[in-house]
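input_19.pdb follows; it contains PDB, C-alpha atoms.
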```pdb
MODEL        1
ATOM      1  CA  MET A   1      -7.519  14.521 -12.077
ATOM      2  CA  PRO A   2     -11.067  15.619 -11.143
ATOM      3  CA  ARG A   3     -11.600  18.952  -9.412
ATOM      4  CA  ALA A   4     -13.178  17.473  -6.267
ATOM      5  CA  PHE A   5     -10.060  15.498  -5.374
ATOM      6  CA  ALA A   6      -7.762  18.431  -6.149
ATOM      7  CA  GLU A   7      -9.789  20.735  -3.906
ATOM      8  CA  ILE A   8      -9.269  18.345  -0.992
ATOM      9  CA  ALA A   9      -5.670  17.320  -1.626
ATOM     10  CA  PHE A  10      -4.111  20.571  -2.813
ATOM     11  CA  THR A  11      -4.114  22.558   0.411
ATOM     12  CA  PRO A  12      -2.210  25.879   0.580
ATOM     13  CA  ALA A  13       0.785  24.044   2.065
ATOM     14  CA  VAL A  14       0.707  21.491  -0.759
ATOM     15  CA  GLN A  15       0.435  24.218  -3.382
ATOM     16  CA  ALA A  16       3.390  26.006  -1.801
ATOM     17  CA  GLN A  17       5.494  22.861  -2.196
ATOM     18  CA  GLN A  18       4.338  22.444  -5.779
ATOM     19  CA  THR A  19       5.490  25.989  -6.465
ATOM     20  CA  ARG A  20       8.816  25.383  -4.764
ATOM     21  CA  MET A  21       9.408  22.127  -6.657
ATOM     22  CA  GLY A  22       8.262  23.438 -10.031
ATOM     23  CA  SER A  23       5.071  21.401 -10.553
ATOM     24  CA  ALA A  24       2.507  24.101  -9.729
ATOM     25  CA  GLY A  25       1.821  24.855 -13.380
ATOM     26  CA  SER A  26       0.947  21.229 -14.095
ATOM     27  CA  TYR A  27      -1.570  20.982 -11.257
ATOM     28  CA  ALA A  28      -3.092  24.462 -11.053
ATOM     29  CA  LYS A  29      -5.383  23.628 -13.977
ATOM     30  CA  PHE A  30      -7.233  21.084 -11.848
ATOM     31  CA  LEU A  31      -8.436  23.880  -9.573
ATOM     32  CA  ALA A  32      -9.697  25.987 -12.468
ATOM     33  CA  PRO A  33     -13.444  26.799 -12.367
ATOM     34  CA  GLU A  34     -14.133  24.974 -15.631
ATOM     35  CA  VAL A  35     -12.767  21.686 -14.297
ATOM     36  CA  GLU A  36     -15.460  19.522 -12.730
ATOM     37  CA  GLY A  37     -16.089  15.968 -11.596
ATOM     38  CA  GLY A  38     -14.767  13.491  -9.116
ATOM     39  CA  ARG A  39     -17.689  13.276  -6.711
ATOM     40  CA  LEU A  40     -19.979  10.851  -8.553
ATOM     41  CA  ILE A  41     -19.029   7.210  -8.999
ATOM     42  CA  GLY A  42     -19.459   6.181 -12.620
ATOM     43  CA  PRO A  43     -19.687   2.732 -14.224
ATOM     44  CA  ASP A  44     -15.898   2.322 -14.407
ATOM     45  CA  GLU A  45     -15.392   3.192 -10.751
ATOM     46  CA  LYS A  46     -18.314   0.997  -9.666
ATOM     47  CA  ALA A  47     -16.963  -2.032 -11.539
ATOM     48  CA  PHE A  48     -13.462  -1.446 -10.198
ATOM     49  CA  ILE A  49     -14.523  -1.026  -6.566
ATOM     50  CA  GLU A  50     -16.903  -3.995  -6.497
ATOM     51  CA  ALA A  51     -14.238  -6.282  -8.008
ATOM     52  CA  ARG A  52     -11.741  -5.599  -5.220
ATOM     53  CA  ASP A  53     -10.956  -8.104  -2.480
ATOM     54  CA  GLY A  54      -9.454  -5.479  -0.208
ATOM     55  CA  MET A  55      -8.592  -1.838   0.347
ATOM     56  CA  TYR A  56      -6.218   0.321   2.370
ATOM     57  CA  GLN A  57      -8.080   2.698   4.681
ATOM     58  CA  ALA A  58      -6.622   5.636   6.597
ATOM     59  CA  THR A  59      -8.206   7.468   9.532
ATOM     60  CA  VAL A  60      -6.864  10.077  11.958
ATOM     61  CA  SER A  61      -6.840   9.719  15.747
ATOM     62  CA  GLU A  62      -7.632  12.320  18.398
ATOM     63  CA  THR A  63      -3.871  12.763  18.867
ATOM     64  CA  GLY A  64      -3.438  13.596  15.177
ATOM     65  CA  TRP A  65      -1.751  10.332  14.199
ATOM     66  CA  PRO A  66      -2.835   8.654  10.956
ATOM     67  CA  TYR A  67      -3.858   5.003  11.190
ATOM     68  CA  VAL A  68      -3.764   2.795   8.096
ATOM     69  CA  GLN A  69      -5.676  -0.471   8.055
ATOM     70  CA  PHE A  70      -6.193  -3.141   5.430
ATOM     71  CA  ARG A  71      -9.796  -4.205   5.084
ATOM     72  CA  GLY A  72     -10.644  -7.219   2.938
ATOM     73  CA  GLY A  73     -13.216  -9.776   1.909
ATOM     74  CA  PRO A  74     -14.303 -11.810  -1.097
ATOM     75  CA  ALA A  75     -14.800  -9.860  -4.320
ATOM     76  CA  GLY A  76     -18.184  -8.200  -4.026
ATOM     77  CA  TRP A  77     -17.937  -7.401  -0.304
ATOM     78  CA  LEU A  78     -17.785  -3.721  -1.259
ATOM     79  CA  LYS A  79     -21.061  -2.383  -2.654
ATOM     80  CA  VAL A  80     -21.715   0.831  -4.552
ATOM     81  CA  LEU A  81     -25.201   1.762  -3.351
ATOM     82  CA  ASP A  82     -25.487   4.921  -5.441
ATOM     83  CA  PRO A  83     -23.142   7.350  -7.240
ATOM     84  CA  GLN A  84     -22.059   8.895  -3.945
ATOM     85  CA  THR A  85     -22.144   5.965  -1.520
ATOM     86  CA  ILE A  86     -19.937   2.914  -0.967
ATOM     87  CA  ALA A  87     -20.857   0.467   1.779
ATOM     88  CA  TYR A  88     -19.853  -2.806   3.383
ATOM     89  CA  ALA A  89     -20.881  -5.019   6.272
ATOM     90  CA  ASP A  90     -18.401  -4.586   9.130
ATOM     91  CA  LEU A  91     -17.583  -8.011  10.549
ATOM     92  CA  ARG A  92     -15.976  -8.524  13.919
ATOM     93  CA  GLY A  93     -12.161  -8.439  13.794
ATOM     94  CA  ASN A  94      -9.581  -8.299  16.577
ATOM     95  CA  ARG A  95     -11.832  -5.934  18.553
ATOM     96  CA  GLN A  96      -9.259  -3.155  18.895
ATOM     97  CA  TYR A  97     -11.736  -0.762  17.212
ATOM     98  CA  VAL A  98      -9.026   1.747  16.323
ATOM     99  CA  SER A  99     -10.617   2.829  13.035
ATOM    100  CA  LEU A 100     -14.077   2.821  14.614
ATOM    101  CA  GLY A 101     -12.915   5.051  17.457
ATOM    102  CA  ASN A 102     -11.037   7.388  15.124
ATOM    103  CA  LEU A 103     -14.059   7.803  12.884
ATOM    104  CA  GLN A 104     -16.319   8.637  15.809
ATOM    105  CA  GLY A 105     -14.197  11.727  16.396
ATOM    106  CA  ASN A 106     -13.355  12.529  12.768
ATOM    107  CA  ASP A 107     -15.526  10.969  10.069
ATOM    108  CA  ARG A 108     -13.020  11.589   7.266
ATOM    109  CA  VAL A 109     -11.487   8.557   5.576
ATOM    110  CA  SER A 110      -8.957   8.125   2.786
ATOM    111  CA  ILE A 111      -8.928   4.887   0.782
ATOM    112  CA  ILE A 112      -6.731   3.303  -1.870
ATOM    113  CA  PHE A 113      -8.200   0.492  -3.976
ATOM    114  CA  MET A 114      -5.505  -1.610  -5.688
ATOM    115  CA  ASP A 115      -5.601  -3.839  -8.769
ATOM    116  CA  TYR A 116      -2.108  -5.303  -8.813
ATOM    117  CA  PRO A 117      -2.433  -7.608 -11.855
ATOM    118  CA  ASN A 118      -3.567  -4.700 -14.051
ATOM    119  CA  ARG A 119      -1.403  -2.099 -12.277
ATOM    120  CA  ALA A 120      -4.284   0.241 -11.484
ATOM    121  CA  ARG A 121      -5.324   2.127  -8.366
ATOM    122  CA  LEU A 122      -8.143   4.392  -7.342
ATOM    123  CA  LYS A 123      -7.772   6.914  -4.521
ATOM    124  CA  LEU A 124     -10.925   8.034  -2.740
ATOM    125  CA  MET A 125     -11.736  10.395   0.103
ATOM    126  CA  GLY A 126     -15.045  10.421   1.926
ATOM    127  CA  ARG A 127     -16.978  10.701   5.144
ATOM    128  CA  VAL A 128     -18.168   7.671   7.077
ATOM    129  CA  GLU A 129     -21.528   6.923   8.640
ATOM    130  CA  PHE A 130     -22.238   3.832  10.765
ATOM    131  CA  VAL A 131     -25.530   1.976  10.931
ATOM    132  CA  ASP A 132     -25.875  -0.603  13.715
ATOM    133  CA  ALA A 133     -26.890  -4.031  12.471
ATOM    134  CA  ALA A 134     -30.028  -4.077  14.616
ATOM    135  CA  ASP A 135     -31.199  -0.724  13.262
ATOM    136  CA  ASP A 136     -31.406  -1.707   9.577
ATOM    137  CA  PRO A 137     -31.419  -5.485   9.001
ATOM    138  CA  ASP A 138     -32.452  -5.024   5.356
ATOM    139  CA  LEU A 139     -29.348  -2.965   4.633
ATOM    140  CA  ILE A 140     -27.182  -5.498   6.430
ATOM    141  CA  ALA A 141     -28.680  -8.339   4.373
ATOM    142  CA  ARG A 142     -27.970  -6.413   1.187
ATOM    143  CA  LEU A 143     -24.329  -5.897   2.162
ATOM    144  CA  MET A 144     -23.496  -9.379   3.434
ATOM    145  CA  PRO A 145     -20.997 -11.275   1.255
ATOM    146  CA  GLU A 146     -22.376 -14.484  -0.235
ATOM    147  CA  GLY A 147     -21.802 -17.473   2.026
ATOM    148  CA  GLN A 148     -20.700 -15.364   5.011
ATOM    149  CA  LYS A 149     -22.124 -16.757   8.249
ATOM    150  CA  MET A 150     -20.496 -14.385  10.754
ATOM    151  CA  ALA A 151     -22.921 -11.772  12.041
ATOM    152  CA  PRO A 152     -21.804  -8.207  11.199
ATOM    153  CA  GLU A 153     -21.639  -5.570  13.901
ATOM    154  CA  ARG A 154     -22.642  -2.652  11.683
ATOM    155  CA  ALA A 155     -22.890  -1.289   8.174
ATOM    156  CA  VAL A 156     -20.247   1.202   7.070
ATOM    157  CA  LEU A 157     -21.410   3.834   4.578
ATOM    158  CA  ILE A 158     -18.797   6.005   2.880
ATOM    159  CA  LYS A 159     -20.068   9.213   1.288
ATOM    160  CA  VAL A 160     -17.703  10.142  -1.532
ATOM    161  CA  ALA A 161     -16.038  13.564  -1.301
ATOM    162  CA  GLY A 162     -13.594  13.060  -4.166
ATOM    163  CA  PHE A 163     -11.623  10.425  -6.050
ATOM    164  CA  ASP A 164      -8.776  10.147  -8.523
ATOM    165  CA  TRP A 165      -7.354   7.416 -10.737
ATOM    166  CA  ASN A 166      -3.703   7.393  -9.750
ATOM    167  CA  CYS A 167      -0.663   6.964 -11.979
ATOM    168  CA  PRO A 168       0.204   3.255 -12.473
ATOM    169  CA  ARG A 169       3.942   3.891 -12.372
ATOM    170  CA  ASN A 170       5.814   1.716  -9.852
ATOM    171  CA  ILE A 171       2.818  -0.509  -9.069
ATOM    172  CA  PRO A 172       4.206  -4.068  -8.881
ATOM    173  CA  MET A 173       2.320  -6.869 -10.623
ATOM    174  CA  ARG A 174       1.071  -9.335  -8.013
ATOM    175  CA  PHE A 175      -1.451 -12.133  -8.345
ATOM    176  CA  THR A 176      -3.649 -14.007  -5.903
ATOM    177  CA  PRO A 177      -4.044 -17.756  -6.512
ATOM    178  CA  ASP A 178      -7.458 -17.121  -8.098
ATOM    179  CA  GLU A 179      -6.046 -14.408 -10.364
ATOM    180  CA  LEU A 180      -3.121 -16.610 -11.353
ATOM    181  CA  ALA A 181      -5.206 -19.735 -12.059
ATOM    182  CA  PRO A 182      -6.320 -18.798 -15.619
ATOM    183  CA  HIS A 183      -2.702 -18.153 -16.594
ATOM    184  CA  LEU A 184      -1.507 -21.451 -15.128
ATOM    185  CA  ALA A 185      -4.341 -23.601 -16.505
ATOM    186  CA  PRO A 186      -2.775 -24.048 -20.001
ATOM    187  CA  LEU A 187       0.501 -25.071 -18.378
ATOM    188  CA  HIS A 188      -1.244 -27.645 -16.176
ATOM    189  CA  ASP A 189      -3.061 -29.001 -19.234
ATOM    190  CA  ARG A 190       0.196 -29.266 -21.198
ATOM    191  CA  ILE A 191       1.933 -31.030 -18.306
ATOM    192  CA  ALA A 192      -0.927 -33.531 -18.142
ATOM    193  CA  GLU A 193      -0.610 -34.161 -21.896
ATOM    194  CA  LEU A 194       3.140 -34.732 -21.636
ATOM    195  CA  GLN A 195       2.690 -37.061 -18.675
ATOM    196  CA  ALA A 196       0.139 -39.073 -20.646
ATOM    197  CA  GLU A 197       2.489 -39.256 -23.653
ATOM    198  CA  ASN A 198       5.324 -40.339 -21.380
ATOM    199  CA  GLU A 199       3.239 -43.119 -19.863
ATOM    200  CA  ALA A 200       2.226 -44.283 -23.350
ATOM    201  CA  LEU A 201       5.855 -44.437 -24.468
ATOM    202  CA  LYS A 202       6.779 -46.390 -21.343
ATOM    203  CA  ALA A 203       3.998 -48.874 -22.078
ATOM    204  CA  GLN A 204       5.318 -49.383 -25.623
ATOM    205  CA  GLY A 205       8.827 -50.013 -24.425
TER     206      GLY A 205
ENDMDL
END
```

Would it be possible to restate this file's structure as structure tokens?
Amino acid sequence: MPRAFAEIAFTPAVQAQQTRMGSAGSYAKFLAPEVEGGRLIGPDEKAFIEARDGMYQATVSETGWPYVQFRGGPAGWLKVLDPQTIAYADLRGNRQYVSLGNLQGNDRVSIIFMDYPNRARLKLMGRVEFVDAADDPDLIARLMPEGQKMAPERAVLIKVAGFDWNCPRNIPMRFTPDELAPHLAPLHDRIAELQAENEALKAQG
């Protein structure tokens, strides 16, 4: 676990619970001065993030309630602009604007990126900045998913505060149709072969 994430997540209350439950010794090392990292996105994180077709995003309202939203798009809709910035074009949804309103009052965001087939997840915390579409059309063009015709309302820029590769334990293996297709292709080919053989045998009979 990188130091940056531990500094954010391990509040005094969290550390008190770790002490009470007997795990403080395992996690205290991540707050040691010699431990560094977790604020700059490297090649592995960049590849992982840009391959995702969705993410779970949490914000906090003015009343203190957390709000979790799933945001998705075709692989590549998330862009890593630099080692500290993730961005995407914000397309119009159901127009409730709950996350947008929350982030206007508190720019902190917590995100989980999931890779179900490979049982991997990346947790990330950051601060959000909005750029209206009319204010930076070049940025919007750079962020637009290929083939997307809907006009975005804004660009969302997430400045990384810390991240951590989470334990894969208990992550279920799930596949989208596109992810499953390569595994099913040999079976489809074999079925086609057997059907052809069956038709040939029928013709001989």

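Here the PyMOL selection byres ((chain A and resi 145) around 9) catches exactly these residues: Gly73, Pro74, Ala75, Gly76, Trp77, Leu78, Tyr88, Ala89, Ala141, Arg142, Leu143, Met144, Glu146, Gly147, Gln148 and Lys149 of chain A.
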
(request) Name the closest residue to Phe113 of chain A among the candidates A:Ala6, A:Met173, A:Met125, A:Leu139; distances are taken between atoms, counting only C-alpha atoms. (result) A:Met125

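Between atom CA of Pro117 of chain A and atom CA of Asp44 of chain A there is a distance of 16.9 Å.
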
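Using all atoms listed in the file, the shortest contact distance between Gly93 of chain A and any of A:Leu122, A:Met21, A:Met150, A:Val35 is found at A:Met150.
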
(message) Just checking: using all atoms listed in the file, which residue out of A:Pro137, A:Pro177, A:Gly38, A:Pro172 ends up closest to Ala155 of chain A?
(response) A:Pro137

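Distance annotation: of A:Ile158, A:Ala51, A:Ile112, A:Val14, the residue with the minimal separation from Leu81 of chain A is A:Ile158; atom set is only C-alpha atoms.
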